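Here is input_31.cif, consisting of mmCIF, C-alpha atoms:
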```
data_upload
#
loop_
_atom_site.label_atom_id
_atom_site.label_comp_id
_atom_site.auth_asym_id
_atom_site.auth_seq_id
_atom_site.Cartn_x
_atom_site.Cartn_y
_atom_site.Cartn_z
CA MET A 2 117.96 163.75 86.87
CA LYS A 3 117.85 162.63 83.25
CA LEU A 4 119.83 159.60 82.13
CA ASN A 5 121.67 159.69 78.83
CA LEU A 6 121.35 156.26 77.25
CA ASP A 7 122.66 157.22 73.82
CA ASN A 8 125.92 155.35 74.37
CA PHE A 9 124.40 152.39 76.21
CA ASN A 10 124.83 149.05 74.49
CA ALA A 11 122.55 146.28 75.72
CA PRO A 12 124.64 143.18 76.47
CA ASP A 13 123.89 140.03 74.51
CA LEU A 14 123.69 136.54 76.00
CA GLU A 15 127.35 135.77 75.41
CA ALA A 16 128.36 138.95 77.21
CA TRP A 17 126.25 137.87 80.20
CA ARG A 18 127.89 134.44 80.21
CA SER A 19 131.35 135.94 79.96
CA LYS A 20 130.63 138.22 82.92
CA ILE A 21 129.26 135.31 84.97
CA LYS A 22 132.38 133.24 84.24
CA THR A 23 134.59 136.14 85.28
CA GLU A 24 132.72 136.81 88.52
CA THR A 25 132.34 133.17 89.56
CA LYS A 26 135.66 131.98 88.11
CA VAL A 27 133.91 129.19 86.23
CA ILE A 28 136.01 127.15 83.81
CA GLY A 29 134.09 125.74 80.85
CA ASP A 30 130.33 125.89 80.33
CA VAL A 31 128.10 127.81 82.73
CA SER A 32 125.62 125.31 84.15
CA TYR A 33 123.67 124.43 87.26
CA LYS A 34 123.86 120.74 88.09
CA ASN A 35 122.24 118.80 90.92
CA GLU A 36 122.97 115.11 90.51
CA VAL A 37 120.75 114.01 93.41
CA GLU A 38 117.72 115.77 91.93
CA GLY A 39 118.62 115.00 88.33
CA ILE A 40 118.57 118.67 87.36
CA GLU A 41 120.97 120.37 84.96
CA PHE A 42 120.51 123.54 82.91
CA ASP A 43 122.16 126.78 81.86
CA PRO A 44 121.27 129.46 84.45
CA SER A 45 122.49 132.29 82.22
CA GLN A 46 119.51 131.99 79.85
CA LYS A 47 117.02 134.86 79.85
CA THR A 48 113.95 133.30 78.26
CA LEU A 49 111.25 131.27 80.01
CA ASP A 50 110.02 127.97 78.60
CA TYR A 51 106.69 127.98 80.41
CA ASP A 52 104.72 130.01 82.92
CA PHE A 53 103.77 127.52 85.64
CA GLY A 54 101.81 130.11 87.57
CA ALA A 55 99.39 130.91 84.76
CA HIS A 56 96.67 128.50 85.92
CA GLN A 57 97.02 128.97 89.66
CA SER A 58 94.57 130.78 91.91
CA SER A 59 95.05 134.54 92.01
CA GLU A 60 94.10 134.75 95.69
CA PRO A 61 96.83 135.69 98.18
CA ASN A 62 98.43 132.58 99.63
CA ASP A 63 97.74 132.55 103.36
CA TRP A 64 98.69 129.32 105.12
CA GLY A 65 97.58 127.24 108.07
CA ILE A 66 99.73 126.85 111.18
CA THR A 67 99.98 123.17 112.12
CA ALA A 68 100.87 121.78 115.55
CA TYR A 69 102.29 118.24 115.73
CA ILE A 70 100.96 116.27 118.71
CA PRO A 71 102.19 112.73 119.46
CA VAL A 72 99.54 111.04 121.60
CA LEU A 73 101.78 109.12 124.00
CA ASP A 74 99.56 110.13 126.90
CA GLU A 75 96.02 111.43 126.34
CA LYS A 76 96.03 114.04 129.08
CA THR A 77 99.43 115.43 128.09
CA ALA A 78 98.43 115.51 124.41
CA ASN A 79 95.22 117.36 125.26
CA GLY A 80 97.06 119.98 127.31
CA PHE A 81 99.61 120.49 124.54
CA ALA A 82 96.86 120.82 121.91
CA LEU A 83 95.06 123.46 123.97
CA LYS A 84 98.32 125.39 124.45
CA CYS A 85 99.03 125.31 120.71
CA LEU A 86 95.53 126.53 119.89
CA SER A 87 95.95 129.39 122.35
CA GLN A 88 99.19 130.33 120.55
CA GLY A 89 97.55 130.58 117.12
CA ALA A 90 97.68 127.05 115.69
CA ASN A 91 94.64 126.32 113.52
CA VAL A 92 95.52 122.78 112.38
CA LEU A 93 96.20 119.89 114.79
CA TYR A 94 98.23 116.89 113.56
CA PHE A 95 97.85 113.90 115.88
CA ASN A 96 100.23 110.96 115.58
CA ILE A 97 98.51 107.93 117.14
CA PRO A 98 100.74 105.12 118.48
CA ALA A 99 99.74 101.47 118.53
CA LYS A 100 97.49 101.48 121.59
CA SER A 101 93.91 102.13 122.62
CA ILE A 102 93.07 105.82 122.82
CA ASP A 103 90.62 107.64 125.08
CA TRP A 104 89.34 110.14 122.51
CA ASN A 105 87.23 112.01 125.05
CA GLU A 106 90.40 112.83 126.98
CA VAL A 107 92.38 113.78 123.86
CA PHE A 108 89.77 116.28 122.64
CA LYS A 109 88.58 117.54 126.02
CA GLY A 110 87.82 121.26 125.73
CA ILE A 111 88.61 121.33 121.97
CA HIS A 112 85.83 122.36 119.58
CA ILE A 113 86.83 119.96 116.81
CA GLU A 114 83.99 121.07 114.53
CA TYR A 115 85.76 124.41 114.01
CA ILE A 116 89.38 123.42 113.33
CA ASP A 117 91.17 121.16 110.86
CA ILE A 118 92.48 117.87 112.23
CA ILE A 119 94.96 115.43 110.70
CA LEU A 120 95.44 111.95 112.14
CA ALA A 121 98.14 109.38 111.40
CA PHE A 122 97.20 105.92 112.71
CA GLU A 123 99.56 103.00 113.21
CA GLN A 124 96.77 100.43 113.38
CA GLU A 125 93.55 100.16 111.37
CA ASN A 126 91.38 99.29 114.39
CA GLN A 127 92.23 102.70 115.88
CA LEU A 128 90.46 104.31 112.93
CA HIS A 129 87.24 102.42 113.66
CA ALA A 130 87.29 103.57 117.29
CA PHE A 131 87.77 107.16 116.15
CA ILE A 132 84.90 106.87 113.66
CA ASP A 133 82.62 105.77 116.49
CA TYR A 134 83.70 108.78 118.57
CA ILE A 135 83.77 111.71 116.14
CA PRO A 136 80.55 113.76 115.81
CA LYS A 137 79.07 114.10 112.33
CA SER A 138 79.50 117.90 112.32
CA ALA A 139 83.30 117.56 112.64
CA LYS A 140 83.94 114.88 110.00
CA LYS A 141 84.41 117.34 107.14
CA HIS A 142 87.37 118.87 109.01
CA VAL A 143 89.22 115.54 109.46
CA SER A 144 91.97 114.25 107.16
CA ILE A 145 93.57 110.83 107.57
CA SER A 146 97.25 110.59 106.66
CA ILE A 147 97.96 107.72 104.26
CA ASP A 148 101.42 106.26 103.57
CA PRO A 149 101.51 105.45 99.82
CA LEU A 150 104.01 102.62 100.41
CA ARG A 151 101.74 100.71 102.79
CA PRO A 152 98.61 98.79 101.78
CA HIS A 153 95.47 100.62 102.86
CA ASP A 154 91.76 100.02 102.70
CA VAL A 155 90.52 103.56 102.18
CA ASN A 156 86.84 102.61 102.03
CA PRO A 157 86.20 103.00 105.80
CA ILE A 158 87.82 106.43 105.68
CA LEU A 159 85.71 107.60 102.76
CA GLU A 160 82.51 106.04 104.08
CA ALA A 161 83.03 107.93 107.33
CA GLY A 162 83.17 111.21 105.39
CA PHE A 163 86.84 111.94 106.09
CA LYS A 164 89.39 113.37 103.68
CA LEU A 165 92.61 111.66 102.58
CA MET A 166 96.10 113.14 102.93
CA VAL A 167 98.73 111.35 100.84
CA ASN A 168 101.91 111.41 102.92
CA GLY A 169 105.22 111.90 101.11
CA PHE A 170 107.10 113.25 104.13
CA HIS A 171 108.67 109.96 105.16
CA LEU A 172 109.88 109.38 101.60
CA GLU A 173 111.80 112.65 101.77
CA GLN A 174 113.23 111.76 105.17
CA ILE A 175 114.65 108.42 104.02
CA GLY A 176 116.46 110.03 101.11
CA ALA A 177 114.03 110.16 98.19
CA ASN A 178 114.69 113.05 95.84
CA SER A 179 111.93 115.37 94.66
CA THR A 180 111.14 113.27 91.59
CA ASP A 181 110.75 110.05 93.59
CA GLN A 182 108.69 111.74 96.28
CA LEU A 183 106.28 113.51 93.93
CA SER A 184 105.84 110.69 91.41
CA THR A 185 105.05 108.22 94.22
CA ILE A 186 102.38 110.33 95.90
CA LEU A 187 100.87 111.35 92.57
CA TYR A 188 100.62 107.71 91.47
CA PHE A 189 98.80 106.86 94.70
CA ALA A 190 96.59 109.94 94.54
CA GLU A 191 95.51 109.10 90.99
CA SER A 192 94.40 105.67 92.20
CA LEU A 193 91.96 107.46 94.51
CA ILE A 194 90.26 109.31 91.65
CA GLY A 195 86.80 107.87 91.16
CA GLN A 196 86.58 106.76 94.79
CA THR A 197 86.19 110.30 96.14
CA GLU A 198 86.00 113.89 94.97
CA PRO A 199 89.37 115.56 94.11
CA GLY A 200 88.71 118.15 96.80
CA ASN A 201 88.92 115.38 99.40
CA ILE A 202 92.51 114.53 98.44
CA SER A 203 95.42 116.52 99.84
CA PHE A 204 99.19 116.05 100.10
CA GLU A 205 101.87 116.13 102.77
CA ILE A 206 105.44 116.63 101.58
CA GLY A 207 108.81 116.99 103.25
CA ILE A 208 110.59 120.32 102.91
CA GLY A 209 114.39 120.17 102.70
CA SER A 210 117.19 122.69 102.86
CA ASP A 211 117.68 123.62 99.18
CA PHE A 212 115.58 126.77 98.87
CA PHE A 213 114.98 126.87 95.11
CA ILE A 214 114.52 123.11 94.80
CA GLU A 215 111.81 123.17 97.48
CA VAL A 216 110.03 126.09 95.81
CA ALA A 217 110.08 124.20 92.52
CA LYS A 218 108.91 120.99 94.20
CA VAL A 219 105.76 122.59 95.60
CA ARG A 220 105.00 124.34 92.31
CA THR A 221 105.59 121.08 90.42
CA LEU A 222 103.17 119.16 92.62
CA LYS A 223 100.45 121.78 92.14
CA TRP A 224 100.89 121.81 88.36
CA LEU A 225 101.09 118.02 87.96
CA TRP A 226 98.06 117.32 90.16
CA ARG A 227 96.06 119.76 88.07
CA HIS A 228 97.33 118.00 84.93
CA VAL A 229 96.38 114.56 86.31
CA LEU A 230 92.85 115.78 87.11
CA LEU A 231 92.50 117.28 83.63
CA LYS A 232 93.57 113.99 82.03
CA ASN A 233 90.90 112.21 84.08
CA ASN A 234 88.21 114.79 83.23
CA GLU A 235 87.81 115.73 86.89
CA SER A 236 86.98 119.07 88.47
CA ILE A 237 90.03 121.05 89.60
CA PRO A 238 89.88 122.35 93.18
CA LYS A 239 92.68 124.30 94.81
CA THR A 240 95.50 121.88 95.62
CA SER A 241 95.92 121.45 99.37
CA ILE A 242 99.53 120.81 100.43
CA LEU A 243 101.00 120.51 103.92
CA GLY A 244 104.70 121.37 103.93
CA ARG A 245 106.46 119.63 106.81
CA MET A 246 109.97 120.63 107.86
CA GLY A 247 112.24 117.61 108.21
CA TRP A 248 115.22 116.86 110.43
CA THR A 249 117.88 115.36 108.15
CA ASN A 250 119.88 118.62 108.25
CA LYS A 251 119.19 119.58 111.87
CA SER A 252 121.80 119.92 114.62
CA LEU A 253 121.85 117.67 117.68
CA LYS A 254 123.69 120.28 119.74
CA ASP A 255 122.38 123.65 118.58
CA PRO A 256 118.58 124.11 118.56
CA ASP A 257 118.96 127.83 117.81
CA THR A 258 120.66 127.02 114.50
CA ASN A 259 117.76 124.69 113.79
CA ILE A 260 115.34 127.63 114.16
CA LEU A 261 117.20 129.54 111.43
CA ARG A 262 117.14 126.53 109.13
CA GLN A 263 113.45 125.95 109.78
CA THR A 264 112.70 129.58 108.98
CA THR A 265 114.35 129.49 105.55
CA GLU A 266 112.68 126.15 104.81
CA THR A 267 109.31 127.58 105.78
CA ILE A 268 109.83 130.57 103.48
CA SER A 269 110.64 128.23 100.58
CA ALA A 270 107.49 126.16 101.23
CA ILE A 271 105.31 129.26 101.44
CA SER A 272 106.90 130.80 98.34
CA GLY A 273 106.06 127.60 96.47
CA GLY A 274 102.43 127.83 97.58
CA VAL A 275 101.72 125.33 100.37
CA SER A 276 98.38 125.51 102.16
CA ALA A 277 99.80 124.85 105.63
CA VAL A 278 103.16 124.31 107.32
CA LEU A 279 104.20 121.97 110.10
CA ILE A 280 107.31 123.07 111.99
CA HIS A 281 108.56 120.78 114.74
CA SER A 282 110.16 122.14 117.89
CA SER A 283 113.81 122.89 117.11
CA GLN A 284 114.80 120.83 120.17
CA THR A 285 113.16 117.75 118.68
CA TYR A 286 116.42 117.24 116.79
CA SER A 287 118.80 118.18 119.63
CA LEU A 288 120.17 116.44 122.70
CA GLU A 289 118.52 118.97 125.01
CA ILE A 290 115.22 118.45 126.81
CA ASN A 291 112.28 119.36 124.57
CA ASN A 292 110.25 122.05 126.36
CA TRP A 293 107.26 124.29 125.65
CA PHE A 294 109.40 127.37 124.97
CA TYR A 295 110.90 125.88 121.80
CA LYS A 296 107.57 124.43 120.74
CA ARG A 297 106.08 127.92 120.95
CA LEU A 298 108.99 129.31 118.92
CA ALA A 299 108.13 126.84 116.16
CA LEU A 300 104.60 128.26 116.00
CA ASN A 301 105.92 131.81 116.13
CA ILE A 302 107.93 131.35 112.92
CA SER A 303 104.67 131.45 110.97
CA HIS A 304 103.29 134.32 113.04
CA ILE A 305 106.36 136.47 112.37
CA LEU A 306 106.33 135.68 108.65
CA LYS A 307 102.63 136.51 108.43
CA GLU A 308 103.16 139.86 110.17
CA GLU A 309 106.47 140.99 108.68
CA SER A 310 107.18 139.27 105.35
CA TYR A 311 103.95 140.16 103.46
CA LEU A 312 103.94 136.63 102.04
CA THR A 313 100.23 136.48 102.87
CA LYS A 314 99.61 139.40 100.50
CA VAL A 315 101.00 137.81 97.33
CA ASN A 316 100.39 134.76 95.20
CA ASP A 317 103.21 132.64 93.76
CA PRO A 318 105.96 135.22 94.48
CA MET A 319 108.59 133.20 92.55
CA ARG A 320 106.55 133.25 89.34
CA GLY A 321 108.51 134.72 86.44
CA SER A 322 111.93 133.99 87.92
CA TYR A 323 113.93 132.13 85.29
CA LEU A 324 115.60 129.93 87.91
CA SER A 325 112.30 128.99 89.54
CA GLU A 326 110.45 128.39 86.27
CA LYS A 327 113.31 126.35 84.79
CA MET A 328 113.69 124.15 87.87
CA THR A 329 109.93 123.61 87.88
CA LEU A 330 110.00 122.66 84.20
CA VAL A 331 112.78 120.11 84.72
CA LEU A 332 111.04 118.60 87.76
CA VAL A 333 107.72 118.44 85.91
CA ASN A 334 109.35 116.54 83.04
CA ASN A 335 111.28 114.23 85.39
CA CYS A 336 108.22 113.43 87.51
CA TRP A 337 105.91 112.93 84.55
CA SER A 338 108.38 110.54 82.91
CA GLN A 339 108.65 108.49 86.11
CA PHE A 340 104.95 108.78 86.93
#
```

Entire entry expressed as structure tokens:
Amino acid sequence: MKLNLDNFNAPDLEAWRSKIKTETKVIGDVSYKNEVEGIEFDPSQKTLDYDFGAHQSSEPNDWGITAYIPVLDEKTANGFALKCLSQGANVLYFNIPAKSIDWNEVFKGIHIEYIDIILAFEQENQLHAFIDYIPKSAKKHVSISIDPLRPHDVNPILEAGFKLMVNGFHLEQIGANSTDQLSTILYFAESLIGQTEPGNISFEIGIGSDFFIEVAKVRTLKWLWRHVLLKNNESIPKTSILGRMGWTNKSLKDPDTNILRQTTETISAISGGVSAVLIHSSQTYSLEINNWFYKRLALNISHILKEESYLTKVNDPMRGSYLSEKMTLVLVNNCWSQF
């Protein structure tokens, strides 16, 4: 079949805007506005201001599957960690409460020299006990989560050979917008330059419910961290980002709805280019008893996406989209001004 395009007239920008106004019943100017994020622009434009994917790695963006393990009881935490590993988790995130920990019991049967481990301590003396326990061969796989709003002495962490993960998740959970979250963790991360290699610094960010905002947030962090390293004449490794699904929009009564929300949030984080995702059990946010079935479902979200979405086969899938590039540009400018 041959198409006759002799009488086809390409629409100009005003024709596009007129059609958008008609279809969406917009009165006045066509604009996207998000007051919380401080973003406003004309979505009917067709030109891109900048290609934020131009300097990113061309490798397909596979991601790590992270299991969150609160160590309230060492034996229970160990059993849960082993279950998660058997279900495909390859990153273990331990939250350590303010008490003495039997590390031999926590890591019993776990070959910690072969998997990535993240630890969030509540007390500094817990770190010293862990340093005494951990074998030298496993230290390169350990990252210590650091809250940028709390004073920290990072020297013991670096001297032990651990990596640093700058934690912006709690900022997102208490209501910080993308600009506040990113500018805060970038400011703290820059203060670490000179104390350790850039490859030893990673980020943890909260992932919210606005799909395109979250894609732009991840892309903004990757671009700005690269820019910060360039300004400091540092080498530029691949930016490591853990995207953690939050609970501010989760239902107390319907864990199944939470699974759907977590899935779309995970897709946005992966589309932005995170290195790993942390998805809590959907019952964590509900009034029902939190059981292993829902914890396994949280891990399976990543497994299903890896098998069926082909997101592991592409790199920066949102690159070139006007909406994605424009949101990234606005966030980059907002964050850099505040940073």

Name all residues at most 8 Å from Asp117 in chain A (count all atoms listed in the file; drop same-chain ones fewer than 2 positions away) and give them as a PyMOL selection string. chain A and resi 91-93+113+115+119+142-144

Serialized selection, C-alpha atoms, as an mmCIF file, in the coordinates of the input:
```cif
data_model
loop_
_atom_site.group_PDB
_atom_site.id
_atom_site.type_symbol
_atom_site.label_atom_id
_atom_site.label_comp_id
_atom_site.auth_asym_id
_atom_site.auth_seq_id
_atom_site.Cartn_x
_atom_site.Cartn_y
_atom_site.Cartn_z
ATOM 1 C CA ASN A 91 94.640 126.320 113.520
ATOM 2 C CA VAL A 92 95.520 122.780 112.380
ATOM 3 C CA LEU A 93 96.200 119.890 114.790
ATOM 4 C CA ILE A 113 86.830 119.960 116.810
ATOM 5 C CA TYR A 115 85.760 124.410 114.010
ATOM 6 C CA ILE A 119 94.960 115.430 110.700
ATOM 7 C CA HIS A 142 87.370 118.870 109.010
ATOM 8 C CA VAL A 143 89.220 115.540 109.460
ATOM 9 C CA SER A 144 91.970 114.250 107.160
#
```

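With the shown file loaded, the PyMOL selection byres ((chain A and resi 327) around 9) picks out A:Phe42, A:Pro44, A:Leu49, A:Asp50, A:Tyr51, A:Ala217, A:Ser322, A:Tyr323, A:Leu324, A:Ser325, A:Glu326, A:Met328, A:Thr329, A:Leu330, A:Val331, A:Leu332.
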
I'd like the residues picked by the PyMOL selection byres ((chain A and resi 219) around 8) written out as a PyMOL selection string, using the chain letters and numbers from the file. chain A and resi 215-218+220-223+270+273-275

What would the selection look like, as a PDB file with C-alpha atoms, keeping the file's coordinate frame, if the PyMOL selection byres ((chain A and resi 161) around 12) were run on the coordinates I just shared?
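This went into result_18.pdb:
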```pdb
ATOM      1  CA  LEU A 128      90.460 104.310 112.930  1.00  0.00           C
ATOM      2  CA  HIS A 129      87.240 102.420 113.660  1.00  0.00           C
ATOM      3  CA  ALA A 130      87.290 103.570 117.290  1.00  0.00           C
ATOM      4  CA  PHE A 131      87.770 107.160 116.150  1.00  0.00           C
ATOM      5  CA  ILE A 132      84.900 106.870 113.660  1.00  0.00           C
ATOM      6  CA  ASP A 133      82.620 105.770 116.490  1.00  0.00           C
ATOM      7  CA  TYR A 134      83.700 108.780 118.570  1.00  0.00           C
ATOM      8  CA  ILE A 135      83.770 111.710 116.140  1.00  0.00           C
ATOM      9  CA  PRO A 136      80.550 113.760 115.810  1.00  0.00           C
ATOM     10  CA  LYS A 137      79.070 114.100 112.330  1.00  0.00           C
ATOM     11  CA  SER A 138      79.500 117.900 112.320  1.00  0.00           C
ATOM     12  CA  ALA A 139      83.300 117.560 112.640  1.00  0.00           C
ATOM     13  CA  LYS A 140      83.940 114.880 110.000  1.00  0.00           C
ATOM     14  CA  LYS A 141      84.410 117.340 107.140  1.00  0.00           C
ATOM     15  CA  HIS A 142      87.370 118.870 109.010  1.00  0.00           C
ATOM     16  CA  VAL A 143      89.220 115.540 109.460  1.00  0.00           C
ATOM     17  CA  SER A 144      91.970 114.250 107.160  1.00  0.00           C
ATOM     18  CA  ILE A 145      93.570 110.830 107.570  1.00  0.00           C
ATOM     19  CA  VAL A 155      90.520 103.560 102.180  1.00  0.00           C
ATOM     20  CA  ASN A 156      86.840 102.610 102.030  1.00  0.00           C
ATOM     21  CA  PRO A 157      86.200 103.000 105.800  1.00  0.00           C
ATOM     22  CA  ILE A 158      87.820 106.430 105.680  1.00  0.00           C
ATOM     23  CA  LEU A 159      85.710 107.600 102.760  1.00  0.00           C
ATOM     24  CA  GLU A 160      82.510 106.040 104.080  1.00  0.00           C
ATOM     25  CA  GLY A 162      83.170 111.210 105.390  1.00  0.00           C
ATOM     26  CA  PHE A 163      86.840 111.940 106.090  1.00  0.00           C
ATOM     27  CA  LYS A 164      89.390 113.370 103.680  1.00  0.00           C
ATOM     28  CA  LEU A 165      92.610 111.660 102.580  1.00  0.00           C
ATOM     29  CA  THR A 197      86.190 110.300  96.140  1.00  0.00           C
TER      30      THR A 197
END
```

Compare A:Pro152, A:Gly200, A:Gly195, A:Gly207 by their minimum atom-to-atom distance to Ile175 in chain A, counting all atoms listed in the file, and give me the closest one.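 Once distances to Ile175 in chain A are computed over all atoms listed in the file, the minimum belongs to A:Gly207.
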
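For the atom pair formed by CA of Glu75 in chain A and CA of Trp104 in chain A, the distance is 7.8 Å, given to one decimal.
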
What does the structure give for the distance between CA of Asn316 in chain A and CA of Pro61 in chain A, in Å to one decimal?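 Going from CA of Asn316 in chain A over to CA of Pro61 in chain A, I get 4.7 Å.
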
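Here CA of Ser146 in chain A and CA of Lys251 in chain A stand 24.3 Å from one another.
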
Using only C-alpha atoms, determine which residues lie at most 12 Å from Ile305 in chain A, disregarding the query and same-chain residues fewer than 4 positions distant; provide the list as a PyMOL selection string. chain A and resi 66+89+264+267-268+298-301+309-313

Given all atoms listed in the file as the counted atoms, nearest of A:Arg297, A:Ala90, A:Asn96, A:Val107 to Thr77 in chain A: A:Val107

Which one is closest to Ser203 in chain A: A:Ile118, A:Val167, A:Ala82, A:Leu183? Count all atoms listed in the file. A:Val167

Using all atoms listed in the file, can you tell me which of A:Arg320, A:Lys84, A:Arg227, A:Arg245 comes closest to Pro199 in chain A?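 Result for the nearest residue to Pro199 in chain A: A:Arg227.
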
Find, counting all atoms listed in the file, the residue in A:Leu150, A:Leu225, A:Ile271, A:Ala277 that gets nearest to Ser241 in chain A.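 Answer, going by the shortest atom-to-atom distance: A:Ala277.
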
So that I can see what lies close to Val37 in chain A, please list as a PyMOL selection string the residues with an atom at most 12 Å from it, counting all atoms listed in the file and leaving out residues fewer than 5 positions away in the same chain. chain A and resi 176-181+211+214

Kindly complete range 11-24 of chain A to N, CA and C atoms; the output should be written as a PDB file, keeping the file's coordinate frame.
```pdb
ATOM      1  N   ALA A  11     123.135 147.400  74.972  1.00  0.00           N
ATOM      2  CA  ALA A  11     122.550 146.280  75.720  1.00  0.00           C
ATOM      3  C   ALA A  11     123.401 145.036  75.525  1.00  0.00           C
ATOM      4  N   PRO A  12     123.797 144.372  76.603  1.00  0.00           N
ATOM      5  CA  PRO A  12     124.640 143.180  76.470  1.00  0.00           C
ATOM      6  C   PRO A  12     123.856 142.015  75.872  1.00  0.00           C
ATOM      7  N   ASP A  13     124.535 141.226  75.042  1.00  0.00           N
ATOM      8  CA  ASP A  13     123.890 140.030  74.510  1.00  0.00           C
ATOM      9  C   ASP A  13     124.134 138.861  75.467  1.00  0.00           C
ATOM     10  N   LEU A  14     123.606 137.690  75.111  1.00  0.00           N
ATOM     11  CA  LEU A  14     123.690 136.540  76.000  1.00  0.00           C
ATOM     12  C   LEU A  14     125.123 136.124  76.262  1.00  0.00           C
ATOM     13  N   GLU A  15     125.957 136.172  75.228  1.00  0.00           N
ATOM     14  CA  GLU A  15     127.350 135.770  75.410  1.00  0.00           C
ATOM     15  C   GLU A  15     128.089 136.713  76.341  1.00  0.00           C
ATOM     16  N   ALA A  16     127.735 137.997  76.297  1.00  0.00           N
ATOM     17  CA  ALA A  16     128.360 138.950  77.210  1.00  0.00           C
ATOM     18  C   ALA A  16     127.967 138.646  78.655  1.00  0.00           C
ATOM     19  N   TRP A  17     126.694 138.273  78.859  1.00  0.00           N
ATOM     20  CA  TRP A  17     126.250 137.870  80.200  1.00  0.00           C
ATOM     21  C   TRP A  17     127.031 136.658  80.673  1.00  0.00           C
ATOM     22  N   ARG A  18     127.170 135.662  79.824  1.00  0.00           N
ATOM     23  CA  ARG A  18     127.890 134.440  80.210  1.00  0.00           C
ATOM     24  C   ARG A  18     129.348 134.730  80.526  1.00  0.00           C
ATOM     25  N   SER A  19     129.952 135.577  79.719  1.00  0.00           N
ATOM     26  CA  SER A  19     131.350 135.940  79.960  1.00  0.00           C
ATOM     27  C   SER A  19     131.515 136.630  81.305  1.00  0.00           C
ATOM     28  N   LYS A  20     130.568 137.515  81.631  1.00  0.00           N
ATOM     29  CA  LYS A  20     130.630 138.220  82.920  1.00  0.00           C
ATOM     30  C   LYS A  20     130.433 137.250  84.076  1.00  0.00           C
ATOM     31  N   ILE A  21     129.500 136.304  83.914  1.00  0.00           N
ATOM     32  CA  ILE A  21     129.260 135.310  84.970  1.00  0.00           C
ATOM     33  C   ILE A  21     130.505 134.469  85.197  1.00  0.00           C
ATOM     34  N   LYS A  22     131.161 134.046  84.110  1.00  0.00           N
ATOM     35  CA  LYS A  22     132.380 133.240  84.240  1.00  0.00           C
ATOM     36  C   LYS A  22     133.471 134.019  84.955  1.00  0.00           C
ATOM     37  N   THR A  23     133.561 135.310  84.637  1.00  0.00           N
ATOM     38  CA  THR A  23     134.590 136.140  85.280  1.00  0.00           C
ATOM     39  C   THR A  23     134.315 136.292  86.770  1.00  0.00           C
ATOM     40  N   GLU A  24     133.065 136.577  87.118  1.00  0.00           N
ATOM     41  CA  GLU A  24     132.720 136.810  88.520  1.00  0.00           C
ATOM     42  C   GLU A  24     132.789 135.542  89.357  1.00  0.00           C
TER      43      GLU A  24
END
```
